[in-house]
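Take a look at the structure set out below.
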Amino acid sequence: MLHSENVSFSYPQTNRSCGLLSLSLHQGESALVHGPSGCGKSTLARCLAGLIPHLYHGQMNGDVWIGERNTKEMQSWEIAREVGFVFQNPAAQMVASTVEDELLFGLENLGLPKEEIKTRLDFVVDQFQLNSFLKRSPYTLSGGEQQKLSLAAIIAMQPSVLIMDEPLSMLDSSSAYEFINLLIEQQEEGKSLVFFEHRLPYLQDFPGLKRIPPGIASNEQPGSQIPTLPYPEKAEAYSIRVQGLTVSFGKKKILEDLNLEFKGGELVALVGKNGSGKTTLLRSLAGLQPYEGSIRVLGDGQNESDLPRLNMVFQNPDTQLFNPTVREEILYKIQQPNHELYEWLIQALKLENYQETQPLLLSEGEKRRLALAITIMHPHQHGILLDEPSLGQDQRHKDLLIEILKTISQAGYLVFFATHDIELAAHADRMILISEQGIIADGPTRNILQNQNAWQQAGLILPHWIAP
Amino acid sequence: MKWKNRKPFISTDLEEASPLRNFDPRAKLFLSLCASVVVMLPLQRLVIFLGIYIIFMIWARLFSRFLKQLDKIKWVLIFLFLVDWLVVSLQLAVEVTLRLTVVTSVFTVLIATTTPGELALALERLGLPYRFAFSIRLAFQSLSMLEQEWQAILEAQKSRGVFSDIMNIRTIFTKVGDLVSLTVPAIVLATRQAWVITESATARGFDSPMRKPYRQLSFTTRDWVLGIISAGLVLTLIFWR
């Protein structure tokens, strides 16, 4: 059904290359291709789906066959009939303004009669329980719902093979399990599935999954040695008090009457489902979000009315990068840079070899580390906030990240991160569980991990490999 | 502390309660075309048209939406009015302001009652190749997303001190330099978004020669009535002596 031999690809501008991938899948079989961040998994996924060589310039070696036909000799719309592709970011791939139009897009392209389109539309709406969403904009759905919609839009086209590029990376645990169950059903119906993924534990029980050895070398070398250097600055003792925090978007209250207290030196994880208000809480603490209530810092010699100075690391590093070199990017707008801190950062974040590199040429993992360096370098009297810091990161990067965050918190700063990645959150000293109803639980991480009721209330599944 | 939540510059929400929502998008496009012609007419006729168009918007339950949109561009209107008045004449200032107001009202009526998909289908039925109609649909759809991206860039850059200097003659060059910190990420993100959608559409057979649209448009009596009234009004204003 799907067969590839020694597939590799090199990009003309950067000379970065990836490969080799050989696999052979028959009807109803599944494979998992795994490898470190930056090793070219996404590129190889595009080779299998025929987007390479049809849409990208560069050198593709090796061949991909769908049935008896080589993808190089097929038109891209012919490939689309046989191979469905699920992208990493479900929101970015939406082409229509309503859920119904999104489902219809591929069906219209197949040139099917109206009755057949109606039958298939009804089928996927029913199978994926999308009935109540049909007239809504895809952008208003939660991450889990968006990923379900993107799968439904492809399943409606009835391809024989599904290629998925990190489909779980943006999903919380319960959405991830729900998505996997839908895929198991697809496999049972005879579809062949190929996962490119590094949240491997979620797939460990997937029936009959073949693991494909990477055979690919990473362009990055992070995590080979976790930094043990002490953070060069110490913070004074302080606490941050949040009282009656309420944030509304129109008539909808995203956060309502939240009361929290943080101390300098804490490493705190905020865990909740997609859409539970995690980012909104961080933005409020960073002073970026209009809110009602009060956020005050106490006890570091300032007036009680002072707002905390917390810097935030945003989800998408591309919103910040524009300078010609990594060095200039990190030092931009810093009046009197602390050179000791700069040296610590580039070593700890494994950026020392890229100081003169143009930031936009870095890999996604490197860009994320650079965004963290920018945030830490900028004066942050009370600490840092991070929004989904592990998105798209492999285990080595997560280990590196958590060590750096621990080092900063040990210097007396608050480190507060929002995540749907429970593996990462399990490393924090304190965990806060949040849902649309508000704070469900708050306490030492070990206690929260043992509180099954709280996880149920938050609508999350605690994966068995994390539960203490 | 109480802050004011920021509203999008161009709202793409649909006004489901408007009676225009159920009209054929081709009739609404024709209405927009007629109104665009009126923009070129002299002041007196422009005022008459705007008066009639405001009554029409009140009937279509779109007047408050029009006022909100006008509120968002009030500083542009005031600036242009003052410059034209001080540099040329009061009449030109009034004309330019009214023309911009008419354009805003036309845009509001179309955006508030037509989905990007319906607009693309109408353009396709009017003979525009699907590829171009699809691009226009995506452009309309992406308005709010691009605005969100712009907001994210602004926040990310402000959080590292961009635009924090007090405005004076010494810092003016710094401010211009700061603009680069917004434009480069904006171009990068917009290009990337366009590329992801291209990939997504291609992976679902966008370039298939066999494509057949599922939905059909039907031009009914009410659409003919709207078209005839629009054309009649414009012709009257043009040829009226």
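Letters A, B, ... mark the chains of the structure tokens in the order given; residue numbers begin at 1 per chain; ligand numbers begin at 1, in order shown.
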
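Excluding A:Ala418 itself and any same-chain residue fewer than 2 positions from it, the protein and nucleic acid residues within 8 Å of it, counting only C-alpha atoms, are Ala269, Leu270, Val271, Lys278, Thr279, Leu282, Leu386, Asp387, Glu388, Pro389, Phe416 and His420 of chain A.
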
With N, CA, C and O atoms retained, could you export that selection as an mmCIF file, in the first residue's frame?
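Written output follows (again.cif):
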data_model
loop_
_atom_site.group_PDB
_atom_site.id
_atom_site.type_symbol
_atom_site.label_atom_id
_atom_site.label_comp_id
_atom_site.auth_asym_id
_atom_site.auth_seq_id
_atom_site.Cartn_x
_atom_site.Cartn_y
_atom_site.Cartn_z
ATOM 1 N N ALA A 269 3.814 24.746 38.149
ATOM 2 C CA ALA A 269 3.216 24.343 36.860
ATOM 3 C C ALA A 269 1.717 24.596 36.914
ATOM 4 O O ALA A 269 1.062 24.272 37.905
ATOM 5 N N LEU A 270 1.208 25.158 35.841
ATOM 6 C CA LEU A 270 -0.239 25.380 35.718
ATOM 7 C C LEU A 270 -0.738 24.407 34.647
ATOM 8 O O LEU A 270 -0.320 24.484 33.490
ATOM 9 N N VAL A 271 -1.585 23.472 35.061
ATOM 10 C CA VAL A 271 -2.012 22.409 34.146
ATOM 11 C C VAL A 271 -3.522 22.478 33.948
ATOM 12 O O VAL A 271 -4.276 22.667 34.893
ATOM 13 N N LYS A 278 -5.361 29.005 30.874
ATOM 14 C CA LYS A 278 -3.970 29.017 31.351
ATOM 15 C C LYS A 278 -3.214 30.240 30.812
ATOM 16 O O LYS A 278 -2.589 30.979 31.574
ATOM 17 N N THR A 279 -3.303 30.439 29.497
ATOM 18 C CA THR A 279 -2.574 31.556 28.887
ATOM 19 C C THR A 279 -3.107 32.884 29.424
ATOM 20 O O THR A 279 -2.336 33.812 29.680
ATOM 21 N N LEU A 282 -1.515 33.674 32.726
ATOM 22 C CA LEU A 282 -0.127 34.132 32.563
ATOM 23 C C LEU A 282 -0.084 35.556 32.045
ATOM 24 O O LEU A 282 0.688 36.387 32.508
ATOM 25 N N LEU A 386 6.155 31.145 31.500
ATOM 26 C CA LEU A 386 6.364 30.442 30.223
ATOM 27 C C LEU A 386 5.057 29.811 29.779
ATOM 28 O O LEU A 386 4.387 29.133 30.567
ATOM 29 N N ASP A 387 4.711 30.034 28.509
ATOM 30 C CA ASP A 387 3.461 29.498 27.969
ATOM 31 C C ASP A 387 3.766 28.296 27.071
ATOM 32 O O ASP A 387 4.381 28.456 26.019
ATOM 33 N N GLU A 388 3.369 27.124 27.487
ATOM 34 C CA GLU A 388 3.600 25.874 26.757
ATOM 35 C C GLU A 388 5.061 25.742 26.311
ATOM 36 O O GLU A 388 5.358 25.632 25.122
ATOM 37 N N PRO A 389 6.000 25.737 27.260
ATOM 38 C CA PRO A 389 7.412 25.744 26.859
ATOM 39 C C PRO A 389 7.885 24.460 26.186
ATOM 40 O O PRO A 389 8.904 24.467 25.517
ATOM 41 N N PHE A 416 6.961 30.228 36.625
ATOM 42 C CA PHE A 416 5.572 29.764 36.554
ATOM 43 C C PHE A 416 5.277 29.419 35.090
ATOM 44 O O PHE A 416 5.378 30.284 34.224
ATOM 45 N N HIS A 420 0.098 21.758 28.892
ATOM 46 C CA HIS A 420 -0.796 20.603 28.900
ATOM 47 C C HIS A 420 0.028 19.319 28.971
ATOM 48 O O HIS A 420 -0.506 18.223 28.923
#

> Taking only C-alpha atoms into account, which residues of chain B are within 9 Å of chain A, as a VMD selection string?
Replying inline: chain B and resid 1 to 6 115 to 117 137 to 138 141 145 149 to 150 152 to 157 159 to 162 180 to 186 188 to 189 193 196 to 215

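Separating atom CA of A:Leu462 from atom CA of A:Gly443 is a distance of 16.3 Å.
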
> Among stretch 113-270 of chain A, which ones does DSSP place in strand (DSSP E), written as number ranges by chain?
Replying inline: A: 161-165, 192-196, 209-212, 239-249, 252-263, 267-270

Put those residues in a file: N, CA and C atoms, as a compact mmCIF listing (two decimals), in the first residue's frame.
# COMPACT_ATOMS: atom_id res chain seq x y z
N VAL A 161 -4.26 5.77 3.27
CA VAL A 161 -3.12 5.96 4.18
C VAL A 161 -3.26 7.30 4.89
N LEU A 162 -2.91 7.32 6.19
CA LEU A 162 -2.90 8.59 6.94
C LEU A 162 -1.48 8.85 7.42
N ILE A 163 -0.95 10.02 7.07
CA ILE A 163 0.38 10.42 7.56
C ILE A 163 0.14 11.53 8.58
N MET A 164 0.76 11.43 9.74
CA MET A 164 0.51 12.43 10.79
C MET A 164 1.81 13.00 11.34
N ASP A 165 1.94 14.32 11.25
CA ASP A 165 3.15 14.99 11.72
C ASP A 165 2.90 15.55 13.12
N SER A 192 -4.01 2.49 6.73
CA SER A 192 -2.63 2.40 7.21
C SER A 192 -2.24 3.75 7.79
N LEU A 193 -1.55 3.71 8.93
CA LEU A 193 -1.24 4.96 9.62
C LEU A 193 0.27 5.10 9.81
N VAL A 194 0.78 6.30 9.58
CA VAL A 194 2.19 6.58 9.89
C VAL A 194 2.25 7.78 10.81
N PHE A 195 2.80 7.58 12.02
CA PHE A 195 2.96 8.67 12.98
C PHE A 195 4.40 9.18 12.92
N PHE A 196 4.55 10.49 12.90
CA PHE A 196 5.85 11.11 13.15
C PHE A 196 5.65 11.85 14.47
N LEU A 209 1.82 -1.39 16.39
CA LEU A 209 2.59 -0.26 15.88
C LEU A 209 4.05 -0.67 15.63
N LYS A 210 4.50 -0.49 14.38
CA LYS A 210 5.91 -0.79 14.06
C LYS A 210 6.73 0.44 14.38
N ARG A 211 7.84 0.25 15.08
CA ARG A 211 8.72 1.40 15.35
C ARG A 211 9.81 1.42 14.29
N ILE A 212 9.90 2.55 13.62
CA ILE A 212 10.91 2.67 12.56
C ILE A 212 12.12 3.35 13.16
N SER A 239 6.70 37.89 47.76
CA SER A 239 5.58 37.03 47.32
C SER A 239 4.65 37.86 46.44
N ILE A 240 3.88 37.14 45.61
CA ILE A 240 2.95 37.81 44.71
C ILE A 240 1.55 37.34 45.07
N ARG A 241 0.66 38.31 45.34
CA ARG A 241 -0.70 37.94 45.75
C ARG A 241 -1.70 38.32 44.67
N VAL A 242 -2.49 37.32 44.27
CA VAL A 242 -3.54 37.54 43.26
C VAL A 242 -4.88 37.45 43.98
N GLN A 243 -5.67 38.51 43.89
CA GLN A 243 -6.96 38.51 44.60
C GLN A 243 -8.11 38.85 43.67
N GLY A 244 -9.11 37.98 43.66
CA GLY A 244 -10.34 38.24 42.89
C GLY A 244 -10.11 38.47 41.42
N LEU A 245 -9.15 37.76 40.85
CA LEU A 245 -8.81 37.98 39.43
C LEU A 245 -9.94 37.47 38.53
N THR A 246 -10.47 38.37 37.73
CA THR A 246 -11.54 38.01 36.78
C THR A 246 -11.20 38.58 35.42
N VAL A 247 -11.29 37.73 34.40
CA VAL A 247 -11.04 38.17 33.02
C VAL A 247 -12.23 37.76 32.16
N SER A 248 -12.77 38.71 31.42
CA SER A 248 -13.91 38.41 30.55
C SER A 248 -13.58 38.76 29.12
N PHE A 249 -14.04 37.91 28.19
CA PHE A 249 -14.02 38.24 26.77
C PHE A 249 -15.48 38.40 26.35
N LYS A 252 -18.37 36.29 28.10
CA LYS A 252 -17.83 35.04 28.65
C LYS A 252 -16.71 35.33 29.65
N LYS A 253 -16.85 34.74 30.84
CA LYS A 253 -15.80 34.90 31.85
C LYS A 253 -14.79 33.77 31.69
N ILE A 254 -13.56 34.13 31.36
CA ILE A 254 -12.51 33.12 31.17
C ILE A 254 -11.93 32.73 32.52
N LEU A 255 -11.69 33.72 33.37
CA LEU A 255 -11.25 33.46 34.75
C LEU A 255 -12.21 34.20 35.68
N GLU A 256 -12.56 33.58 36.77
CA GLU A 256 -13.51 34.25 37.66
C GLU A 256 -13.05 34.15 39.12
N ASP A 257 -12.82 35.28 39.72
CA ASP A 257 -12.53 35.40 41.15
C ASP A 257 -11.43 34.44 41.61
N LEU A 258 -10.30 34.51 40.93
CA LEU A 258 -9.17 33.63 41.27
C LEU A 258 -8.34 34.24 42.40
N ASN A 259 -7.98 33.42 43.38
CA ASN A 259 -7.11 33.88 44.47
C ASN A 259 -5.91 32.95 44.56
N LEU A 260 -4.72 33.52 44.45
CA LEU A 260 -3.51 32.70 44.46
C LEU A 260 -2.40 33.47 45.16
N GLU A 261 -1.41 32.74 45.68
CA GLU A 261 -0.22 33.42 46.20
C GLU A 261 1.01 32.63 45.76
N PHE A 262 1.98 33.36 45.26
CA PHE A 262 3.25 32.74 44.82
C PHE A 262 4.38 33.32 45.65
N LYS A 263 5.41 32.49 45.86
CA LYS A 263 6.60 32.98 46.57
C LYS A 263 7.79 32.95 45.62
N LEU A 267 8.92 26.85 41.76
CA LEU A 267 8.78 26.38 40.37
C LEU A 267 7.36 25.81 40.29
N VAL A 268 6.49 26.54 39.61
CA VAL A 268 5.06 26.20 39.65
C VAL A 268 4.57 25.84 38.24
N ALA A 269 3.81 24.75 38.15
CA ALA A 269 3.22 24.34 36.86
C ALA A 269 1.72 24.60 36.91
N LEU A 270 1.21 25.16 35.84
CA LEU A 270 -0.24 25.38 35.72
C LEU A 270 -0.74 24.41 34.65

>> Please identify the helix (DSSP H, G or I) residues within stretch 63-239 of chain B (assignment by DSSP from backbone atoms) and present them as a VMD selection string.
In response: chain B and resid 63 to 72 74 to 87 90 to 113 116 to 125 130 to 158 172 to 203 221 to 239

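For A:Gln204, the non-local neighbours within 12 Å, defined as residues at least 2 positions apart in the same chain or in other chains and counting only C-alpha atoms, are A:Ala31, A:Leu32, A:Tyr177, A:Ile180, A:Glu197, A:His198, A:Arg199, A:Leu200, A:Pro201, A:Tyr202, A:Phe206, A:Pro207, A:Gly208, A:Leu209, A:Lys210, A:Arg211, A:Pro463, A:His464, A:Trp465.
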
> So which residues touch stretch 57-74 of chain B within 9 Å, counting only C-alpha atoms, skipping near sequence neighbours fewer than 4 positions away, as a PyMOL selection string?
Replying inline: chain B and resi 9-11+15+17-21+52-53+78-79+101+104-105+108-109+112

Can those selected residues be exported to a file as a tab-separated table (two decimals), in the first residue's frame so that it contains C-alpha atoms?
chain	number	residue	atom	x	y	z
B	9	PHE	CA	-10.17	46.46	14.11
B	10	ILE	CA	-12.22	44.68	11.48
B	11	SER	CA	-14.93	42.44	12.91
B	15	GLU	CA	-24.99	39.52	11.64
B	17	ALA	CA	-30.36	38.69	12.32
B	18	SER	CA	-29.94	40.94	9.28
B	19	PRO	CA	-32.48	40.32	6.49
B	20	LEU	CA	-29.59	40.78	4.03
B	21	ARG	CA	-27.96	37.62	5.38
B	52	ILE	CA	-30.70	56.70	1.61
B	53	TYR	CA	-27.97	54.18	2.41
B	78	ILE	CA	-10.52	63.45	11.61
B	79	PHE	CA	-6.90	63.61	10.44
B	101	THR	CA	-17.69	56.91	5.19
B	104	THR	CA	-16.80	51.92	5.16
B	105	SER	CA	-20.56	51.39	5.03
B	108	THR	CA	-19.53	46.71	6.54
B	109	VAL	CA	-22.70	45.57	4.73
B	112	ALA	CA	-21.37	41.47	8.08
